[in-house]
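Novice: What follows is the file target-v5.txt, containing compact mmCIF, C-alpha atoms:
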```txt
# COMPACT_ATOMS: atom_id res chain seq x y z
CA MET A 26 0.00 0.00 0.00
CA SER A 27 1.38 3.43 -0.91
CA PHE A 28 0.60 6.90 0.36
CA MET A 29 -1.27 7.59 -2.91
CA ARG A 30 -4.29 5.76 -1.41
CA LEU A 31 -5.51 8.94 0.20
CA SER A 32 -9.05 9.03 -1.12
CA ILE A 33 -10.19 6.11 1.06
CA MET A 34 -12.93 7.28 3.36
CA ALA A 35 -12.83 6.08 6.95
CA ALA A 36 -15.15 3.10 7.16
CA ALA A 37 -17.57 2.36 9.94
CA GLY A 38 -17.58 -1.08 11.49
CA MET A 39 -15.61 -2.93 14.09
CA LEU A 40 -12.65 -0.55 14.09
CA THR A 41 -12.70 2.34 16.52
CA LEU A 42 -9.74 4.66 16.31
CA GLN A 43 -8.19 5.46 19.64
CA SER A 44 -6.77 8.82 20.58
CA THR A 45 -4.33 7.30 23.04
CA LEU A 46 -0.92 8.94 22.84
CA LEU A 47 1.60 6.19 22.32
CA GLN A 48 4.25 8.15 24.18
CA ALA A 49 2.27 7.45 27.35
CA GLU A 50 1.67 3.82 26.42
CA GLU A 51 4.11 1.02 27.07
CA LEU A 52 4.40 -0.84 23.79
CA PRO A 53 4.34 -4.66 23.85
CA ALA A 54 7.64 -6.41 23.09
CA PRO A 55 6.71 -7.57 19.53
CA ILE A 56 5.74 -4.01 18.58
CA LYS A 57 8.93 -2.65 20.11
CA ALA A 58 10.90 -5.19 18.08
CA LEU A 59 9.41 -3.86 14.83
CA GLU A 60 10.03 -0.33 16.01
CA ALA A 61 13.70 -1.25 16.44
CA LYS A 62 13.70 -2.43 12.80
CA GLY A 63 12.68 1.03 11.59
CA ALA A 64 8.90 1.15 11.87
CA THR A 65 7.39 4.28 13.45
CA ILE A 66 4.26 3.55 15.49
CA LYS A 67 1.69 6.28 14.80
CA GLY A 68 -1.27 5.09 16.84
CA SER A 69 -3.33 2.15 18.03
CA PHE A 70 -6.86 1.03 17.19
CA ASP A 71 -9.37 -1.62 18.18
CA ALA A 72 -9.43 -4.76 16.03
CA PRO A 73 -11.69 -7.85 16.03
CA GLY A 74 -10.94 -11.33 17.29
CA GLY A 75 -9.11 -10.20 20.39
CA LEU A 76 -6.42 -8.52 18.32
CA LYS A 77 -5.08 -5.05 19.01
CA GLY A 78 -4.15 -2.96 16.03
CA TYR A 79 -1.24 -0.58 15.59
CA ALA A 80 -0.75 1.79 12.66
CA ALA A 81 2.89 2.07 11.65
CA GLN A 82 4.82 4.04 9.07
CA TYR A 83 7.75 2.42 7.31
CA GLN A 84 9.63 4.04 4.40
CA ASN A 85 6.75 6.41 3.58
CA GLN A 86 4.20 3.59 3.61
CA GLY A 87 1.50 2.65 6.06
CA MET A 88 1.61 -0.77 7.69
CA ALA A 89 -1.07 -2.33 9.88
CA LEU A 90 0.16 -4.45 12.78
CA TYR A 91 -2.04 -6.79 14.81
CA LEU A 92 -0.96 -7.95 18.26
CA THR A 93 -2.26 -11.41 19.19
CA PRO A 94 -4.22 -11.84 22.45
CA ASP A 95 -1.24 -13.43 24.21
CA GLY A 96 0.76 -10.25 23.57
CA LYS A 97 3.71 -12.26 22.29
CA HIS A 98 3.19 -12.21 18.54
CA VAL A 99 2.32 -9.67 15.87
CA LEU A 100 0.85 -10.02 12.39
CA ALA A 101 1.60 -7.46 9.69
CA GLY A 102 -0.67 -6.82 6.71
CA ASN A 103 -4.27 -6.32 5.70
CA LEU A 104 -7.21 -7.71 7.68
CA PHE A 105 -10.48 -8.48 5.88
CA ASP A 106 -13.96 -8.90 7.34
CA GLU A 107 -16.71 -11.32 6.31
CA LYS A 108 -17.70 -8.99 3.46
CA GLY A 109 -14.21 -8.98 2.05
CA GLU A 110 -13.59 -5.39 3.07
CA ASP A 111 -10.13 -4.38 4.22
CA ILE A 112 -10.58 -3.00 7.72
CA SER A 113 -6.94 -1.90 7.85
CA GLU A 114 -7.57 0.99 5.45
CA ALA A 115 -9.46 3.35 7.77
CA PRO A 116 -6.91 3.45 10.60
CA LEU A 117 -3.98 3.73 8.20
CA GLN A 118 -5.70 6.61 6.43
CA LYS A 119 -6.43 8.40 9.70
CA LEU A 120 -3.26 7.72 11.65
CA VAL A 121 -0.59 7.49 8.94
CA TYR A 122 -1.49 8.91 5.54
CA GLU A 123 -3.37 12.06 6.51
CA PRO A 124 -0.67 13.37 8.89
CA MET A 125 2.10 12.29 6.52
CA THR A 126 0.69 14.02 3.48
CA LYS A 127 -0.22 17.15 5.42
CA ALA A 128 3.43 17.37 6.46
CA MET A 129 4.52 16.81 2.86
CA TRP A 130 2.21 19.58 1.65
CA THR A 131 3.70 21.96 4.21
CA GLN A 132 7.22 20.99 3.12
CA MET A 133 6.33 21.70 -0.50
CA GLU A 134 4.87 25.07 0.51
CA ASN A 135 8.20 25.90 2.14
CA SER A 136 10.35 24.68 -0.75
CA ALA A 137 11.86 26.81 -3.55
CA TRP A 138 9.26 26.95 -6.32
CA ILE A 139 8.42 29.13 -9.30
CA GLU A 140 4.79 30.18 -9.44
CA ASP A 141 2.78 29.84 -12.63
CA GLY A 142 -0.62 31.48 -12.48
CA ALA A 143 -2.59 33.91 -10.38
CA LYS A 144 -1.79 34.31 -6.69
CA THR A 145 -5.54 34.36 -6.07
CA ALA A 146 -6.18 31.01 -7.79
CA PRO A 147 -8.42 28.85 -5.57
CA LYS A 148 -6.50 25.67 -6.42
CA VAL A 149 -2.75 25.16 -6.01
CA ILE A 150 -0.86 22.29 -7.61
CA TYR A 151 2.77 21.44 -6.86
CA LEU A 152 5.01 19.59 -9.27
CA PHE A 153 8.63 18.53 -9.14
CA SER A 154 9.89 19.76 -12.49
CA ASP A 155 13.07 19.38 -14.54
CA ALA A 156 13.89 21.96 -17.22
CA ASN A 157 14.76 19.11 -19.62
CA CYS A 158 11.60 17.09 -18.93
CA PRO A 159 9.29 16.76 -21.96
CA TYR A 160 6.44 15.46 -19.80
CA CYS A 161 6.72 18.50 -17.53
CA ASN A 162 6.30 20.60 -20.64
CA MET A 163 3.34 18.48 -21.70
CA PHE A 164 1.65 19.05 -18.34
CA TRP A 165 2.40 22.78 -18.59
CA GLU A 166 0.53 22.82 -21.91
CA GLN A 167 -2.34 20.73 -20.54
CA ALA A 168 -2.82 23.13 -17.62
CA ARG A 169 -3.01 26.33 -19.69
CA PRO A 170 -6.83 26.65 -19.80
CA TRP A 171 -7.07 26.46 -15.98
CA VAL A 172 -4.04 28.66 -15.37
CA LYS A 173 -5.17 31.32 -17.84
CA SER A 174 -8.67 31.38 -16.37
CA GLY A 175 -7.24 32.05 -12.91
CA LYS A 176 -8.62 28.79 -11.49
CA VAL A 177 -5.28 27.06 -10.87
CA GLN A 178 -1.77 28.09 -9.89
CA LEU A 179 1.06 25.68 -10.60
CA ARG A 180 4.10 25.77 -8.35
CA HIS A 181 7.16 24.29 -10.05
CA ILE A 182 9.62 22.81 -7.55
CA MET A 183 12.71 22.84 -9.74
CA VAL A 184 15.13 19.90 -9.58
CA GLY A 185 17.89 18.50 -11.75
CA VAL A 186 17.48 14.78 -12.42
CA ILE A 187 17.33 14.13 -16.16
CA ARG A 188 20.56 15.46 -17.68
CA GLU A 189 23.88 16.77 -16.45
CA ASP A 190 22.85 20.35 -17.22
CA SER A 191 19.36 20.09 -15.66
CA ALA A 192 20.39 21.69 -12.37
CA ALA A 193 22.23 24.52 -14.17
CA LYS A 194 19.15 25.15 -16.34
CA ALA A 195 16.93 25.19 -13.25
CA ALA A 196 19.36 27.66 -11.70
CA ALA A 197 19.12 29.86 -14.80
CA LEU A 198 15.36 30.05 -14.33
CA MET A 199 15.54 30.67 -10.60
CA ALA A 200 18.37 33.22 -10.65
CA GLY A 201 16.78 35.61 -13.14
CA ALA A 202 15.05 38.88 -12.32
CA ASN A 203 11.67 37.35 -13.26
CA PRO A 204 11.62 33.56 -12.82
CA GLU A 205 7.91 33.39 -13.70
CA MET A 206 8.44 34.99 -17.11
CA ALA A 207 11.60 32.94 -17.71
CA LEU A 208 9.71 29.72 -16.99
CA GLN A 209 6.84 30.75 -19.24
CA LYS A 210 9.20 31.55 -22.12
CA HIS A 211 11.03 28.26 -21.67
CA GLU A 212 7.90 26.11 -21.49
CA GLN A 213 6.15 27.95 -24.31
CA ALA A 214 9.11 27.30 -26.63
CA GLY A 215 9.14 23.58 -25.84
CA LYS A 216 11.87 21.77 -27.80
CA SER A 217 12.92 25.10 -29.33
CA SER A 218 13.74 26.65 -25.95
CA SER A 219 16.90 28.75 -25.91
CA LEU A 220 17.41 28.40 -22.14
CA LYS A 221 21.12 28.20 -21.38
CA PRO A 222 22.50 26.51 -18.25
CA LEU A 223 24.43 28.72 -15.86
CA GLN A 224 28.17 28.17 -15.97
CA THR A 225 28.37 28.80 -12.21
CA ILE A 226 25.42 28.32 -9.89
CA PRO A 227 25.22 30.95 -7.12
CA LYS A 228 25.47 29.51 -3.62
CA ASP A 229 21.98 30.64 -2.60
CA ILE A 230 20.42 29.05 -5.69
CA GLN A 231 22.44 25.86 -5.18
CA ALA A 232 21.15 25.69 -1.61
CA LYS A 233 17.57 25.93 -2.88
CA LEU A 234 18.16 23.23 -5.48
CA ASP A 235 19.77 21.00 -2.86
CA GLY A 236 16.75 21.51 -0.60
CA ASN A 237 14.38 20.62 -3.42
CA MET A 238 16.36 17.48 -4.27
CA LYS A 239 16.41 16.38 -0.63
CA LEU A 240 12.66 16.90 -0.37
CA MET A 241 12.13 14.87 -3.54
CA GLU A 242 14.28 12.04 -2.18
CA ASP A 243 12.63 12.17 1.26
CA MET A 244 9.26 11.78 -0.42
CA GLY A 245 10.50 8.70 -2.26
CA LEU A 246 10.22 10.28 -5.72
CA SER A 247 12.53 9.53 -8.63
CA ALA A 248 10.93 11.02 -11.74
CA THR A 249 9.39 14.22 -13.08
CA PRO A 250 6.79 15.49 -13.19
CA SER A 251 5.61 14.30 -9.79
CA ILE A 252 2.39 16.24 -9.28
CA PHE A 253 0.53 16.84 -6.02
CA TYR A 254 -2.95 18.31 -5.60
CA LYS A 255 -5.86 18.26 -3.17
CA ASP A 256 -9.07 16.48 -4.16
CA GLU A 257 -12.61 17.65 -3.41
CA ASN A 258 -12.31 16.27 0.13
CA GLY A 259 -9.06 18.12 0.81
CA HIS A 260 -6.97 14.94 0.67
CA VAL A 261 -3.56 15.18 -0.98
CA GLN A 262 -3.27 13.10 -4.15
CA GLN A 263 -0.30 12.33 -6.36
CA GLN A 264 -0.08 12.00 -10.13
CA GLN A 265 3.08 10.69 -11.73
CA GLY A 266 3.69 12.00 -15.25
CA ALA A 267 1.44 14.00 -17.54
CA PRO A 268 -2.13 12.90 -16.73
CA ARG A 269 -4.69 11.40 -19.08
CA PRO A 270 -7.59 13.74 -20.01
CA GLU A 271 -10.04 12.22 -17.53
CA VAL A 272 -7.48 12.44 -14.71
CA LEU A 273 -6.58 15.99 -15.72
CA ALA A 274 -10.19 17.13 -15.44
CA LYS A 275 -10.53 15.52 -12.01
CA MET A 276 -7.28 17.07 -10.86
CA MET A 277 -7.96 20.58 -12.12
CA GLY A 278 -11.67 20.97 -11.55
CA PRO A 279 -13.92 23.13 -13.75
CA LYS A 280 -12.23 25.43 -16.26
```
Let's see the structure in the file written out as structure tokens.
Specialist:
Amino acid sequence: MSFMRLSIMAAAGMLTLQSTLLQAEELPAPIKALEAKGATIKGSFDAPGGLKGYAAQYQNQGMALYLTPDGKHVLAGNLFDEKGEDISEAPLQKLVYEPMTKAMWTQMENSAWIEDGAKTAPKVIYLFSDANCPYCNMFWEQARPWVKSGKVQLRHIMVGVIREDSAAKAAALMAGANPEMALQKHEQAGKSSSLKPLQTIPKDIQAKLDGNMKLMEDMGLSATPSIFYKDENGHVQQQQGAPRPEVLAKMMGPK
């Protein structure tokens, strides 16, 4: 299960999320053992059959743990009820994915990005973008109707991952007097862009690029464009690559 499964609504049923702070709770030995292996315990929840559930985060993924009644063993994975419904989804959504993606959104807000669109746009979309990425350019073109109408603002978190000169080209965009206009000119030209990489990247720009790359790596991303937006319920969703038309419309909303 990945953090992209953010649209799952919390299901009613046998699971009741607990607000117990785990810092004040002595964890059983099997749970502690998994914690020592790198899992971060985010919360506990009631589970059927005498089991006690724990929601864990491991390498940016949610993991449901179920302690057996004897307190000596733990099962990891999904748990299904008699209707075939996965009752692990609700607690993982509540205790792991929602806090994790809210933190990611805040980190993206605080990263070094180039804005594309009106400051007053009701919808903001972040994307990790490489100046040499043809699919970033494709998404830029796809988004024009929404950006031009003032409905959406794109925020390009510039990184250098595709070619050796990608970082220097990103720096050329970021170091100019008007990064927004420089980005627009570059994207509008597409393959004919005359953007030249900087021969020497200023220290402040290099620091911003390093921060963007670290954020990208911390989020487990490896390709551009990696696009993040909030759905109609306010849940953060991810789209990898230029979206298909039906996904684009869902992502952007009405024109």
Novice: Hey, can you check how far atom CA of A:Lys62 sits from atom CA of A:Lys97?
Specialist: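 Calculated distance between atom CA of A:Lys62 and atom CA of A:Lys97 is 16.9 Å.
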Novice: Could you work out an axis-aligned bounding box for all listed atoms of stretch 208-226 of chain A, with 6 Å added on each of the six sides, and give its centre and edge lengths in Å to one decimal, as AutoDock Vina command-line options?
Specialist:
```
--center_x 17.3 --center_y 26.7 --center_z -19.6 --size_x 34.2 --size_y 21.8 --size_z 31.4
```
Novice: Using all atoms listed in the file for the distances, tell me which of A:Gln118, A:Ser69, A:Gln264, A:Gln231 is nearest to A:Ala200.
Specialist: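 Nearest to A:Ala200: A:Gln231.
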Novice: Measuring between all atoms listed in the file, which one of A:Ile56, A:Ala137, A:Leu220, A:Met244 shows the shortest distance to A:Gly96?
Specialist: A:Ile56
Novice: Write out as a tab-separated table a residue-level contact list of stretch 72-150 of chain A versus stretch 161-178 of chain A with cut-off 6 Å: for each qualifying residue the closest pair of atoms and the distance in Å to one decimal, counting only C-alpha atoms, rows sorted by chain and residue number upward.
Specialist:
```
residue	atom	partner	partner_atom	distance
A:Asp141	CA	A:Gln178	CA	5.6
A:Gly142	CA	A:Gln178	CA	4.4
A:Ala143	CA	A:Gly175	CA	5.6
A:Ala146	CA	A:Lys176	CA	5.0
A:Pro147	CA	A:Lys176	CA	5.9
A:Lys148	CA	A:Val177	CA	4.8
A:Val149	CA	A:Gln178	CA	5.0
```
Novice: Fewer than 3 positions away in the same chain doesn't count, so skip those; otherwise give me all residues within 12 Å of A:Asp256, counting only C-alpha atoms, as a PDB file with C-alpha atoms, keeping the file's coordinate frame.
Specialist:
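That gives us part.pdb:
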```pdb
ATOM      1  CA  MET A  29      -1.270   7.590  -2.910  1.00  0.00           C
ATOM      2  CA  LEU A  31      -5.510   8.940   0.200  1.00  0.00           C
ATOM      3  CA  SER A  32      -9.050   9.030  -1.120  1.00  0.00           C
ATOM      4  CA  ILE A  33     -10.190   6.110   1.060  1.00  0.00           C
ATOM      5  CA  LYS A 148      -6.500  25.670  -6.420  1.00  0.00           C
ATOM      6  CA  VAL A 149      -2.750  25.160  -6.010  1.00  0.00           C
ATOM      7  CA  ILE A 150      -0.860  22.290  -7.610  1.00  0.00           C
ATOM      8  CA  PHE A 253       0.530  16.840  -6.020  1.00  0.00           C
ATOM      9  CA  GLY A 259      -9.060  18.120   0.810  1.00  0.00           C
ATOM     10  CA  HIS A 260      -6.970  14.940   0.670  1.00  0.00           C
ATOM     11  CA  VAL A 261      -3.560  15.180  -0.980  1.00  0.00           C
ATOM     12  CA  GLN A 262      -3.270  13.100  -4.150  1.00  0.00           C
ATOM     13  CA  GLN A 263      -0.300  12.330  -6.360  1.00  0.00           C
ATOM     14  CA  GLN A 264      -0.080  12.000 -10.130  1.00  0.00           C
ATOM     15  CA  VAL A 272      -7.480  12.440 -14.710  1.00  0.00           C
ATOM     16  CA  LEU A 273      -6.580  15.990 -15.720  1.00  0.00           C
ATOM     17  CA  ALA A 274     -10.190  17.130 -15.440  1.00  0.00           C
ATOM     18  CA  LYS A 275     -10.530  15.520 -12.010  1.00  0.00           C
ATOM     19  CA  MET A 276      -7.280  17.070 -10.860  1.00  0.00           C
ATOM     20  CA  MET A 277      -7.960  20.580 -12.120  1.00  0.00           C
ATOM     21  CA  GLY A 278     -11.670  20.970 -11.550  1.00  0.00           C
TER      22      GLY A 278
END
```
Novice: Which value, in Å to one decimal, gives the distance between atom CA of A:Asn85 and atom CA of A:Tyr122?
Specialist: 8.8 Å
Novice: When you draw a straight line from atom CA of A:Glu123 to atom CA of A:Asn237, how long is it in Å?
Specialist: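 Separation between atom CA of A:Glu123 and atom CA of A:Asn237: 22.1 Å.
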Novice: Rank nothing, just name the residue among A:Ala202, A:Ala89, A:Val184, A:Ala156 nearest to A:Ser136, using only C-alpha atoms.
Specialist: A:Val184
Novice: Counting all atoms listed in the file, which residues sit no farther than 10 Å from the position (19.1, 14.6, -19.0) in the file's frame? I'd like them as number ranges by chain.
Specialist: A: 155-158, 185-192
Novice: Write out as number ranges by chain which residues come within 9 Å of stretch 223-225 of chain A when counting all atoms listed in the file, dropping same-chain ones fewer than 4 positions away.
Specialist: A: 190, 192-197
Novice: Export C-alpha atoms of the chosen residues as a PDB file, in the coordinates of the input?
Specialist:
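Below you can see selection.pdb, which holds the result:
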```
ATOM      1  CA  ASP A 190      22.850  20.350 -17.220  1.00  0.00           C
ATOM      2  CA  ALA A 192      20.390  21.690 -12.370  1.00  0.00           C
ATOM      3  CA  ALA A 193      22.230  24.520 -14.170  1.00  0.00           C
ATOM      4  CA  LYS A 194      19.150  25.150 -16.340  1.00  0.00           C
ATOM      5  CA  ALA A 195      16.930  25.190 -13.250  1.00  0.00           C
ATOM      6  CA  ALA A 196      19.360  27.660 -11.700  1.00  0.00           C
ATOM      7  CA  ALA A 197      19.120  29.860 -14.800  1.00  0.00           C
TER       8      ALA A 197
END
```
Novice: Closest to A:Pro204 among A:Ile139, A:Leu152, A:Leu246, A:Ile182, using all atoms listed in the file?
Specialist: A:Ile139
Novice: Identify, on the basis of all atoms listed in the file, every residue whose closest approach to A:Ile66 does not exceed 7 Å; exclude the query and any residue fewer than 3 positions from it along the same chain; express the result as a PyMOL selection string.
Specialist: chain A and resi 60+79-82
Novice: Pick from A:Pro124, A:Gly245, A:Gly87, A:Pro73: nearest to A:Asp106, with only C-alpha atoms counted?
Specialist: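 So, comparing all the options, the nearest one is A:Pro73.
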Novice: Can stretch 256-267 of chain A be brought up to all heavy atoms and written out as a JSON list (two decimals), in the frame of the given file?
Specialist:
```
[["chain", "number", "residue", "atom", "x", "y", "z"],
["A", 256, "ASP", "N", -7.80, 16.84, -3.54],
["A", 256, "ASP", "CA", -9.07, 16.48, -4.16],
["A", 256, "ASP", "C", -10.21, 17.25, -3.51],
["A", 256, "ASP", "O", -10.00, 18.12, -2.65],
["A", 256, "ASP", "CB", -9.30, 14.97, -4.11],
["A", 256, "ASP", "CG", -9.41, 14.42, -2.69],
["A", 256, "ASP", "OD1", -9.66, 15.20, -1.75],
["A", 256, "ASP", "OD2", -9.26, 13.20, -2.52],
["A", 257, "GLU", "N", -11.44, 16.91, -3.90],
["A", 257, "GLU", "CA", -12.61, 17.65, -3.41],
["A", 257, "GLU", "C", -12.81, 17.50, -1.91],
["A", 257, "GLU", "O", -13.52, 18.30, -1.29],
["A", 257, "GLU", "CB", -13.87, 17.19, -4.16],
["A", 257, "GLU", "CG", -14.26, 15.75, -3.95],
["A", 257, "GLU", "CD", -13.55, 14.80, -4.89],
["A", 257, "GLU", "OE1", -12.61, 15.23, -5.61],
["A", 257, "GLU", "OE2", -13.92, 13.60, -4.90],
["A", 258, "ASN", "N", -12.20, 16.47, -1.31],
["A", 258, "ASN", "CA", -12.31, 16.27, 0.13],
["A", 258, "ASN", "C", -11.12, 16.85, 0.90],
["A", 258, "ASN", "O", -11.02, 16.68, 2.12],
["A", 258, "ASN", "CB", -12.41, 14.76, 0.43],
["A", 258, "ASN", "CG", -13.67, 14.15, -0.17],
["A", 258, "ASN", "OD1", -14.75, 14.68, -0.01],
["A", 258, "ASN", "ND2", -13.51, 13.04, -0.88],
["A", 259, "GLY", "N", -10.21, 17.52, 0.17],
["A", 259, "GLY", "CA", -9.06, 18.12, 0.81],
["A", 259, "GLY", "C", -7.92, 17.15, 1.07],
["A", 259, "GLY", "O", -6.96, 17.49, 1.75],
["A", 260, "HIS", "N", -8.02, 15.93, 0.51],
["A", 260, "HIS", "CA", -6.97, 14.94, 0.67],
["A", 260, "HIS", "C", -5.92, 15.13, -0.41],
["A", 260, "HIS", "O", -6.23, 15.38, -1.56],
["A", 260, "HIS", "CB", -7.53, 13.52, 0.58],
["A", 260, "HIS", "CG", -8.49, 13.18, 1.67],
["A", 260, "HIS", "ND1", -9.52, 12.28, 1.51],
["A", 260, "HIS", "CD2", -8.60, 13.64, 2.95],
["A", 260, "HIS", "CE1", -10.21, 12.19, 2.64],
["A", 260, "HIS", "NE2", -9.66, 13.01, 3.52],
["A", 261, "VAL", "N", -4.65, 15.02, -0.03],
["A", 261, "VAL", "CA", -3.56, 15.18, -0.98],
["A", 261, "VAL", "C", -3.46, 13.94, -1.86],
["A", 261, "VAL", "O", -3.43, 12.81, -1.36],
["A", 261, "VAL", "CB", -2.22, 15.42, -0.25],
["A", 261, "VAL", "CG1", -1.08, 15.57, -1.25],
["A", 261, "VAL", "CG2", -2.32, 16.67, 0.62],
["A", 262, "GLN", "N", -3.40, 14.17, -3.17],
["A", 262, "GLN", "CA", -3.27, 13.10, -4.15],
["A", 262, "GLN", "C", -2.02, 13.31, -4.97],
["A", 262, "GLN", "O", -1.55, 14.44, -5.13],
["A", 262, "GLN", "CB", -4.49, 13.07, -5.08],
["A", 262, "GLN", "CG", -5.82, 12.91, -4.39],
["A", 262, "GLN", "CD", -6.08, 11.50, -3.90],
["A", 262, "GLN", "OE1", -5.31, 10.59, -4.19],
["A", 262, "GLN", "NE2", -7.15, 11.30, -3.14],
["A", 263, "GLN", "N", -1.47, 12.24, -5.51],
["A", 263, "GLN", "CA", -0.30, 12.33, -6.36],
["A", 263, "GLN", "C", -0.60, 11.81, -7.75],
["A", 263, "GLN", "O", -1.34, 10.83, -7.91],
["A", 263, "GLN", "CB", 0.89, 11.55, -5.80],
["A", 263, "GLN", "CG", 2.15, 11.70, -6.65],
["A", 263, "GLN", "CD", 3.25, 10.74, -6.29],
["A", 263, "GLN", "OE1", 3.06, 9.88, -5.43],
["A", 263, "GLN", "NE2", 4.39, 10.86, -6.92],
["A", 264, "GLN", "N", -0.03, 12.46, -8.75],
["A", 264, "GLN", "CA", -0.08, 12.00, -10.13],
["A", 264, "GLN", "C", 1.35, 11.96, -10.65],
["A", 264, "GLN", "O", 2.08, 12.95, -10.57],
["A", 264, "GLN", "CB", -0.93, 12.95, -10.99],
["A", 264, "GLN", "CG", -0.75, 12.80, -12.49],
["A", 264, "GLN", "CD", -1.23, 11.47, -13.01],
["A", 264, "GLN", "OE1", -2.18, 10.89, -12.47],
["A", 264, "GLN", "NE2", -0.61, 10.98, -14.06],
["A", 265, "GLN", "N", 1.75, 10.83, -11.17],
["A", 265, "GLN", "CA", 3.08, 10.69, -11.73],
["A", 265, "GLN", "C", 3.00, 10.82, -13.25],
["A", 265, "GLN", "O", 2.29, 10.08, -13.91],
["A", 265, "GLN", "CB", 3.68, 9.33, -11.38],
["A", 265, "GLN", "CG", 5.13, 9.17, -11.81],
["A", 265, "GLN", "CD", 6.06, 10.10, -11.07],
["A", 265, "GLN", "OE1", 6.12, 10.07, -9.84],
["A", 265, "GLN", "NE2", 6.78, 10.93, -11.79],
["A", 266, "GLY", "N", 3.70, 11.79, -13.81],
["A", 266, "GLY", "CA", 3.69, 12.00, -15.25],
["A", 266, "GLY", "C", 2.51, 12.84, -15.70],
["A", 266, "GLY", "O", 1.61, 13.16, -14.92],
["A", 267, "ALA", "N", 2.54, 13.22, -16.97],
["A", 267, "ALA", "CA", 1.44, 14.00, -17.54],
["A", 267, "ALA", "C", 0.16, 13.18, -17.50],
["A", 267, "ALA", "O", 0.14, 12.04, -17.96],
["A", 267, "ALA", "CB", 1.77, 14.40, -18.97]]
```
